[in-house]
$ cat target_27.tsv   # TSV, C-alpha atoms
chain	number	residue	atom	x	y	z
W	1	VAL	CA	107.82	-92.67	29.61
W	2	TRP	CA	104.84	-94.11	31.48
W	3	CYS	CA	104.21	-91.63	34.28
W	4	LYS	CA	101.61	-91.58	37.05
W	5	ALA	CA	100.05	-88.46	38.51
W	6	THR	CA	100.47	-89.79	42.05
W	7	ASP	CA	104.26	-89.95	41.52
W	8	HIS	CA	104.40	-86.27	40.52
W	9	MET	CA	102.68	-84.46	43.34
W	10	ARG	CA	105.67	-82.17	43.89
W	11	GLU	CA	105.59	-81.00	40.27
W	12	GLN	CA	101.87	-80.34	40.44
W	13	ILE	CA	102.16	-78.34	43.64
W	14	GLU	CA	105.05	-76.36	42.13
W	15	GLN	CA	102.92	-75.45	39.11
W	16	VAL	CA	100.06	-74.25	41.31
W	17	ARG	CA	102.53	-72.14	43.31
W	18	ALA	CA	103.96	-70.70	40.07
W	19	LEU	CA	100.47	-69.72	38.89
W	20	GLU	CA	99.78	-68.22	42.30
W	21	ALA	CA	102.98	-66.16	42.07
W	22	LYS	CA	101.83	-64.85	38.67
W	23	GLY	CA	98.58	-63.62	40.23
W	24	LEU	CA	96.45	-66.04	38.21
W	25	THR	CA	94.75	-67.79	41.13
W	26	TYR	CA	92.41	-67.14	44.03
W	27	THR	CA	91.39	-69.24	47.01
W	28	ILE	CA	87.89	-69.98	48.23
W	29	GLU	CA	86.53	-72.39	50.83
W	30	ASP	CA	86.57	-75.25	48.32
W	31	GLY	CA	90.13	-74.84	47.04
W	32	VAL	CA	92.56	-72.90	44.85
W	33	TYR	CA	91.18	-71.84	41.47
W	34	PHE	CA	92.55	-70.48	38.20
W	35	ASP	CA	91.12	-67.03	37.43
W	36	THR	CA	90.39	-67.26	33.69
W	37	ALA	CA	89.52	-63.54	33.55
W	38	LYS	CA	93.22	-62.81	34.12
W	39	PHE	CA	94.31	-64.92	31.15
W	40	PRO	CA	93.27	-62.97	28.02
W	41	ASP	CA	93.78	-65.87	25.60
W	42	TYR	CA	91.63	-68.30	27.57
W	43	GLY	CA	89.55	-70.51	25.29
W	44	LYS	CA	91.35	-69.52	22.08
W	45	MET	CA	91.82	-73.06	20.75
W	46	ALA	CA	88.21	-74.04	21.43
W	47	ARG	CA	86.97	-70.64	20.17
W	48	LEU	CA	84.96	-70.24	23.36
W	49	ASP	CA	82.66	-67.26	23.78
W	50	VAL	CA	83.94	-66.67	27.30
W	51	GLU	CA	81.94	-63.49	27.92
W	52	GLY	CA	78.73	-65.17	26.80
W	53	GLN	CA	79.44	-68.38	28.66
W	54	GLN	CA	76.43	-69.61	30.63
W	55	ALA	CA	77.11	-70.72	34.18
W	56	GLY	CA	77.14	-74.52	34.28
W	57	ALA	CA	77.22	-74.87	30.48
W	58	ARG	CA	80.61	-76.64	30.48
W	59	VAL	CA	81.01	-78.05	33.97
W	60	GLU	CA	79.20	-77.76	37.26
W	61	VAL	CA	79.96	-74.36	38.78
W	62	VAL	CA	81.25	-74.33	42.35
W	63	ALA	CA	79.78	-71.74	44.71
W	64	GLY	CA	82.21	-68.88	45.25
W	65	THR	CA	84.01	-69.04	41.91
W	66	ARG	CA	84.33	-65.73	40.08
W	67	ASN	CA	83.75	-66.84	36.49
W	68	PRO	CA	81.87	-69.77	34.91
W	69	THR	CA	85.09	-70.95	33.24
W	70	ASP	CA	87.30	-70.90	36.37
W	71	PHE	CA	88.65	-74.33	37.33
W	72	ALA	CA	90.23	-75.97	40.35
W	73	LEU	CA	93.99	-76.25	40.72
W	74	TRP	CA	93.92	-77.70	44.24
W	75	LYS	CA	90.88	-79.07	46.06
W	76	PHE	CA	90.76	-79.01	49.85
W	77	SER	CA	89.82	-82.12	51.81
W	78	PRO	CA	86.48	-81.65	53.61
W	79	GLN	CA	86.79	-80.78	57.26
W	80	GLY	CA	86.72	-83.82	59.52
W	81	GLN	CA	87.06	-86.28	56.65
W	82	LYS	CA	89.97	-88.49	55.64
W	83	ARG	CA	90.09	-89.20	51.92
W	84	GLN	CA	91.75	-92.21	50.34
W	85	LEU	CA	93.82	-89.91	48.13
W	86	GLU	CA	95.02	-86.68	49.69
W	87	TRP	CA	98.34	-84.91	50.12
W	88	ASP	CA	99.79	-82.08	52.18
W	89	SER	CA	100.35	-78.79	50.40
W	90	PRO	CA	101.05	-75.11	51.16
W	91	TRP	CA	97.25	-74.61	51.14
W	92	GLY	CA	96.38	-77.56	53.33
W	93	SER	CA	95.49	-81.20	52.87
W	94	GLY	CA	93.79	-82.04	49.59
W	95	ARG	CA	94.30	-83.21	46.05
W	96	PRO	CA	95.20	-81.57	42.72
W	97	GLY	CA	92.60	-80.50	40.21
W	98	TRP	CA	91.94	-82.68	37.19
W	99	HIS	CA	93.95	-80.59	34.70
W	100	ILE	CA	97.15	-79.68	36.54
W	101	GLU	CA	98.54	-83.23	36.52
W	102	CYS	CA	98.72	-83.30	32.71
W	103	SER	CA	100.57	-80.03	32.18
W	104	ALA	CA	102.89	-80.80	35.11
W	105	MET	CA	103.96	-84.18	33.76
W	106	ALA	CA	104.10	-83.03	30.13
W	107	MET	CA	106.35	-80.10	30.97
W	108	LYS	CA	108.58	-82.22	33.21
W	109	TYR	CA	109.37	-84.72	30.46
W	110	LEU	CA	108.89	-82.68	27.27
W	111	GLY	CA	109.91	-79.17	28.27
W	112	GLU	CA	108.07	-75.86	28.27
W	113	ARG	CA	106.72	-76.30	24.74
W	114	ILE	CA	105.40	-79.35	22.92
W	115	ASP	CA	105.21	-80.25	19.24
W	116	VAL	CA	102.25	-82.65	19.26
W	117	HIS	CA	99.49	-83.21	21.82
W	118	CYS	CA	96.83	-85.88	21.23
W	119	GLY	CA	93.48	-86.55	22.85
W	120	GLY	CA	89.79	-87.03	22.32
W	121	VAL	CA	87.67	-84.33	20.72
W	122	ASP	CA	85.65	-84.11	23.95
W	123	HIS	CA	88.69	-82.60	25.70
W	124	VAL	CA	88.87	-79.50	23.51
W	125	LYS	CA	86.52	-77.16	25.38
W	126	VAL	CA	87.55	-77.93	28.95
W	127	HIS	CA	90.54	-80.15	29.67
W	128	HIS	CA	92.90	-79.10	26.90
W	129	THR	CA	91.77	-75.49	27.11
W	130	ASN	CA	92.67	-75.51	30.81
W	131	GLU	CA	95.99	-77.22	30.15
W	132	ILE	CA	96.91	-74.40	27.76
W	133	ALA	CA	95.98	-71.76	30.32
W	134	GLN	CA	98.11	-73.43	32.98
W	135	ALA	CA	101.19	-74.00	30.82
W	136	GLU	CA	101.18	-70.61	29.08
W	137	GLY	CA	100.24	-68.89	32.32
W	138	ILE	CA	103.42	-70.26	33.91
W	139	THR	CA	105.87	-69.77	31.05
W	140	GLY	CA	104.39	-66.79	29.24
W	141	LYS	CA	105.21	-68.61	25.99
W	142	SER	CA	102.60	-69.18	23.30
W	143	PRO	CA	101.65	-71.50	21.78
W	144	TRP	CA	102.32	-74.21	24.33
W	145	VAL	CA	101.51	-76.88	21.71
W	146	ARG	CA	102.27	-76.49	17.99
W	147	TRP	CA	99.83	-79.15	16.74
W	148	TRP	CA	96.78	-80.64	18.41
W	149	LEU	CA	95.42	-83.97	17.14
W	150	HIS	CA	91.92	-84.51	18.47
W	151	GLY	CA	90.46	-87.91	17.69
W	152	GLU	CA	86.76	-88.17	16.95
W	153	PHE	CA	84.43	-90.73	18.50
W	154	LEU	CA	83.88	-94.34	17.62
W	155	VAL	CA	80.09	-94.60	17.53
W	156	LEU	CA	77.39	-97.24	17.50
W	157	GLU	CA	74.62	-96.21	15.13
W	158	ALA	CA	75.36	-92.50	15.63
W	159	GLU	CA	75.85	-92.81	19.42
W	160	LYS	CA	79.22	-92.32	21.08
W	161	MET	CA	80.60	-95.45	22.69
W	162	ALA	CA	80.70	-94.78	26.42
W	163	LYS	CA	81.07	-97.04	29.42
W	164	SER	CA	78.71	-94.79	31.38
W	165	GLU	CA	75.99	-95.39	28.78
W	166	GLY	CA	76.53	-99.15	28.69
W	167	ASN	CA	76.77	-99.06	24.88
W	168	PHE	CA	80.30	-100.24	24.31
W	169	ILE	CA	82.03	-103.31	22.92
W	170	THR	CA	85.19	-104.66	24.52
W	171	LEU	CA	88.13	-106.23	22.73
W	172	ASN	CA	87.27	-109.53	24.43
W	173	VAL	CA	83.90	-109.51	22.68
W	174	VAL	CA	85.63	-108.83	19.34
W	175	GLU	CA	87.89	-111.84	19.91
W	176	GLU	CA	84.96	-114.02	21.02
W	177	MET	CA	83.29	-113.22	17.69
W	178	GLY	CA	86.33	-114.69	15.93
W	179	PHE	CA	88.13	-111.49	14.89
W	180	ASP	CA	91.86	-110.82	15.18
W	181	PRO	CA	92.46	-107.67	17.29
W	182	LEU	CA	94.67	-106.40	14.45
W	183	SER	CA	91.66	-106.57	12.15
W	184	TYR	CA	89.94	-104.19	14.54
W	185	ARG	CA	92.95	-101.88	14.45
W	186	TYR	CA	92.87	-102.03	10.65
W	187	PHE	CA	89.18	-101.09	10.79
W	188	LEU	CA	90.05	-97.98	12.84
W	189	LEU	CA	92.74	-96.98	10.33
W	190	ASN	CA	90.14	-96.82	7.56
W	191	ALA	CA	88.80	-93.50	8.89
W	192	HIS	CA	90.46	-90.13	9.26
W	193	TYR	CA	91.15	-89.43	12.92
W	194	ARG	CA	88.97	-86.31	12.84
W	195	LYS	CA	85.93	-88.10	11.45
W	196	GLN	CA	83.51	-90.19	13.48
W	197	LEU	CA	83.62	-93.89	12.72
W	198	THR	CA	80.51	-96.04	13.04
W	199	PHE	CA	81.12	-99.56	14.30
W	200	THR	CA	79.19	-102.45	12.78
W	201	TRP	CA	80.05	-106.12	12.61
W	202	GLU	CA	79.66	-105.95	8.83
W	203	ALA	CA	82.26	-103.17	8.65
W	204	LEU	CA	84.60	-105.16	10.87
W	205	GLU	CA	84.14	-108.20	8.62
W	206	GLY	CA	85.15	-106.10	5.61
W	207	ALA	CA	88.19	-104.78	7.46
W	208	ALA	CA	89.20	-108.32	8.41
W	209	LYS	CA	89.14	-109.36	4.76
W	210	GLY	CA	91.15	-106.29	3.75
W	211	TYR	CA	93.69	-106.93	6.49
W	212	GLN	CA	94.08	-110.53	5.34
W	213	ARG	CA	94.67	-109.41	1.74
W	214	LEU	CA	97.34	-107.02	2.99
W	215	ARG	CA	99.01	-109.82	4.95
W	216	ASN	CA	98.89	-112.05	1.89
W	217	ALA	CA	100.61	-109.34	-0.17
W	218	VAL	CA	103.41	-109.10	2.39
W	219	VAL	CA	103.80	-112.89	2.52
W	220	GLU	CA	103.99	-113.03	-1.27
W	221	LEU	CA	106.75	-110.44	-1.32
W	222	LYS	CA	108.73	-112.33	1.33
W	223	ALA	CA	108.27	-115.56	-0.57
W	224	GLN	CA	110.22	-114.12	-3.52
W	225	GLY	CA	113.35	-114.43	-1.38
W	226	ALA	CA	114.93	-111.22	-2.64
W	227	PRO	CA	117.68	-110.18	-0.19
W	228	GLY	CA	117.39	-106.48	-1.02
W	229	ALA	CA	114.59	-104.12	-2.04
W	230	PRO	CA	111.60	-105.66	-3.82
W	231	SER	CA	111.31	-105.26	-7.56
W	232	ALA	CA	109.17	-102.50	-9.06
W	233	ARG	CA	106.58	-105.12	-10.03
W	234	HIS	CA	106.31	-106.42	-6.48
W	235	MET	CA	106.25	-102.90	-5.03
W	236	ASN	CA	103.47	-101.87	-7.40
W	237	ALA	CA	101.49	-105.00	-6.53
W	238	PHE	CA	101.87	-104.28	-2.82
W	239	VAL	CA	100.89	-100.62	-3.20
W	240	GLU	CA	97.85	-101.50	-5.30
W	241	ALA	CA	96.74	-103.99	-2.66
W	242	VAL	CA	96.96	-101.31	-0.01
W	243	GLU	CA	95.11	-98.78	-2.16
W	244	ASP	CA	92.32	-101.27	-2.78
W	245	ASP	CA	91.79	-101.82	0.93
W	246	LEU	CA	92.17	-98.36	2.37
W	247	ASN	CA	90.12	-95.24	1.79
W	248	MET	CA	93.26	-93.16	2.12
W	249	PRO	CA	93.48	-89.38	2.35
W	250	LYS	CA	95.05	-87.62	-0.62
W	251	ALA	CA	98.29	-86.99	1.26
W	252	VAL	CA	98.82	-90.69	1.91
W	253	ALA	CA	97.86	-91.54	-1.66
W	254	ALA	CA	100.50	-89.06	-2.84
W	255	LEU	CA	103.07	-90.84	-0.68
W	256	TRP	CA	102.22	-94.15	-2.29
W	257	GLY	CA	102.52	-92.50	-5.68
W	258	ALA	CA	106.00	-91.30	-4.82
W	259	LEU	CA	106.95	-94.81	-3.75
W	260	ARG	CA	105.67	-96.25	-6.99
W	261	SER	CA	107.53	-93.73	-9.14
W	262	GLY	CA	110.79	-94.31	-7.31
W	263	GLN	CA	110.93	-90.78	-5.89
W	264	LEU	CA	111.24	-92.17	-2.34
$ encode --input "target_27.tsv" --output "structure tokens"
Amino acid sequence: VWCKATDHMREQIEQVRALEAKGLTYTIEDGVYFDTAKFPDYGKMARLDVEGQQAGARVEVVAGTRNPTDFALWKFSPQGQKRQLEWDSPWGSGRPGWHIECSAMAMKYLGERIDVHCGGVDHVKVHHTNEIAQAEGITGKSPWVRWWLHGEFLVLEAEKMAKSEGNFITLNVVEEMGFDPLSYRYFLLNAHYRKQLTFTWEALEGAAKGYQRLRNAVVELKAQGAPGAPSARHMNAFVEAVEDDLNMPKAVAALWGALRSGQL
């Protein structure tokens, strides 16, 4: 399902109303806000020190909010101004907060609880923490997500790639340098998702060679013309080629071992 926030305004408004009915919100001149002080488990995944939180340490604090960690559920349109994106709501014309769209769409298509939720590591302290508060605040069920998979950054010489910093490389540039996009994907698969990966052209060159060896191994197997499963010799050769090219975690290595021994 490829869903857009602008197509789910009703669901977002309904979630804000549900949080309001639970007594978890308050309204100020700027909009409707989630009162994190009324959600005891707020910040549990990120292990936030909520009581010791400095104002403005996570995001810019809006005048009139009760706690540094409170966040907007619905933002009012400024008086006398017409915004490009604004919708009518029970609280007046405005737009949803940044976080409510994600929990609204996730719960519409996946239900009240989710098995796996992915995202960047930079979303842990604010965005995903606020999603949890919204979803669990509505349903009263915890945990909302069983497993979180937070991907670390791709970095350039110890700096995070970011468009805002101007220090990023596009896929077009990778192709212009003569690399197959799948070689780049193979390069990404060489690192554990929770570990930062430093991009260099030398590293990409090595990944391209490893990817080509893997392709060659597959072609060789197909060339044998066997209609069924490959022989043990071919399977071992393929597995060894993969092991040579990938710095695989122990769990994946164990899987390959099971394949080689015929246990799978």
$ residues_around --input "target_27.tsv" --residues "Glu152 of chain W" --least-positions-apart "2" --cutoff "9 Å" --atoms "only C-alpha atoms" --output "PDB file with C-alpha atoms, in the frame of the given file"
ATOM      1  CA  GLY W 120      89.790 -87.030  22.320  1.00  0.00           C
ATOM      2  CA  VAL W 121      87.670 -84.330  20.720  1.00  0.00           C
ATOM      3  CA  ASP W 122      85.650 -84.110  23.950  1.00  0.00           C
ATOM      4  CA  HIS W 150      91.920 -84.510  18.470  1.00  0.00           C
ATOM      5  CA  LEU W 154      83.880 -94.340  17.620  1.00  0.00           C
ATOM      6  CA  HIS W 192      90.460 -90.130   9.260  1.00  0.00           C
ATOM      7  CA  TYR W 193      91.150 -89.430  12.920  1.00  0.00           C
ATOM      8  CA  ARG W 194      88.970 -86.310  12.840  1.00  0.00           C
ATOM      9  CA  LYS W 195      85.930 -88.100  11.450  1.00  0.00           C
ATOM     10  CA  GLN W 196      83.510 -90.190  13.480  1.00  0.00           C
ATOM     11  CA  LEU W 197      83.620 -93.890  12.720  1.00  0.00           C
TER      12      LEU W 197
END
$ closest_residue --input "target_27.tsv" --among "W:Gln134, W:Trp201, W:Gly111, W:Trp98" --to "Val173 of chain W" --atoms "all atoms listed in the file"
W:Trp201
$ residues_around --input "target_27.tsv" --residues "segment 87-89 of chain W" --least-positions-apart "4" --cutoff "10 Å" --atoms "all atoms listed in the file" --output "mmCIF file with C-alpha atoms, in the frame of the given file"
data_model
loop_
_atom_site.group_PDB
_atom_site.id
_atom_site.type_symbol
_atom_site.label_atom_id
_atom_site.label_comp_id
_atom_site.auth_asym_id
_atom_site.auth_seq_id
_atom_site.Cartn_x
_atom_site.Cartn_y
_atom_site.Cartn_z
ATOM 1 C CA THR W 6 100.470 -89.790 42.050
ATOM 2 C CA MET W 9 102.680 -84.460 43.340
ATOM 3 C CA ARG W 10 105.670 -82.170 43.890
ATOM 4 C CA ILE W 13 102.160 -78.340 43.640
ATOM 5 C CA GLU W 14 105.050 -76.360 42.130
ATOM 6 C CA ARG W 17 102.530 -72.140 43.310
ATOM 7 C CA TRP W 74 93.920 -77.700 44.240
ATOM 8 C CA PHE W 76 90.760 -79.010 49.850
ATOM 9 C CA SER W 77 89.820 -82.120 51.810
ATOM 10 C CA ARG W 83 90.090 -89.200 51.920
ATOM 11 C CA SER W 93 95.490 -81.200 52.870
ATOM 12 C CA GLY W 94 93.790 -82.040 49.590
ATOM 13 C CA ARG W 95 94.300 -83.210 46.050
ATOM 14 C CA PRO W 96 95.200 -81.570 42.720
#
$ closest_residue --input "target_27.tsv" --among "W:Pro78, W:Ala135, W:Val126, W:Phe168" --to "Arg47 of chain W" --atoms "all atoms listed in the file"
W:Val126
$ atom_distance --input "target_27.tsv" --atom1 "atom CA of Phe153 of chain W" --atom2 "atom CA of Lys125 of chain W"
15.4 Å
$ closest_atom_pairs --input "target_27.tsv" --of "segment 86-199 of chain W" --to "segment 29-44 of chain W" --cutoff "8 Å" --atoms "all atoms listed in the file" --output "tab-separated table"
residue	atom	partner	partner_atom	distance
W:Lys125	CA	W:Gly43	CA	7.3
W:Thr129	CA	W:Gly43	CA	5.7
W:Asn130	CA	W:Tyr42	CA	8.0
W:Ala133	CA	W:Tyr42	CA	6.2
W:Gly137	CA	W:Phe39	CA	7.2
$ atom_distance --input "target_27.tsv" --atom1 "atom CA of Lys141 of chain W" --atom2 "atom CA of Pro90 of chain W"
26.3 Å
$ build_atoms --input "target_27.tsv" --residues "segment 65-78 of chain W" --atoms "N, CA and C atoms" --output "compact mmCIF listing (two decimals), in the coordinates of the input"
# COMPACT_ATOMS: atom_id res chain seq x y z
N THR W 65 83.10 -69.32 43.02
CA THR W 65 84.01 -69.04 41.91
C THR W 65 83.59 -67.75 41.21
N ARG W 66 84.57 -67.06 40.64
CA ARG W 66 84.33 -65.73 40.08
C ARG W 66 83.75 -65.78 38.66
N ASN W 67 84.17 -66.75 37.89
CA ASN W 67 83.75 -66.84 36.49
C ASN W 67 83.30 -68.26 36.18
N PRO W 68 82.35 -68.42 35.25
CA PRO W 68 81.87 -69.77 34.91
C PRO W 68 82.97 -70.70 34.40
N THR W 69 84.03 -70.13 33.83
CA THR W 69 85.09 -70.95 33.24
C THR W 69 86.25 -71.23 34.21
N ASP W 70 86.22 -70.66 35.41
CA ASP W 70 87.30 -70.90 36.37
C ASP W 70 87.33 -72.38 36.77
N PHE W 71 88.52 -72.90 37.02
CA PHE W 71 88.65 -74.33 37.33
C PHE W 71 89.62 -74.54 38.49
N ALA W 72 89.46 -75.68 39.15
CA ALA W 72 90.23 -75.97 40.35
C ALA W 72 91.67 -76.38 40.02
N LEU W 73 92.59 -75.83 40.78
CA LEU W 73 93.99 -76.25 40.72
C LEU W 73 94.33 -77.15 41.89
N TRP W 74 93.73 -76.87 43.04
CA TRP W 74 93.92 -77.70 44.24
C TRP W 74 92.62 -77.71 45.03
N LYS W 75 92.14 -78.91 45.34
CA LYS W 75 90.88 -79.07 46.06
C LYS W 75 91.16 -79.46 47.50
N PHE W 76 90.56 -78.72 48.44
CA PHE W 76 90.76 -79.01 49.85
C PHE W 76 89.97 -80.25 50.28
N SER W 77 90.56 -81.01 51.21
CA SER W 77 89.82 -82.12 51.81
C SER W 77 88.75 -81.55 52.73
N PRO W 78 87.55 -82.13 52.72
CA PRO W 78 86.48 -81.65 53.61
C PRO W 78 86.89 -81.75 55.07
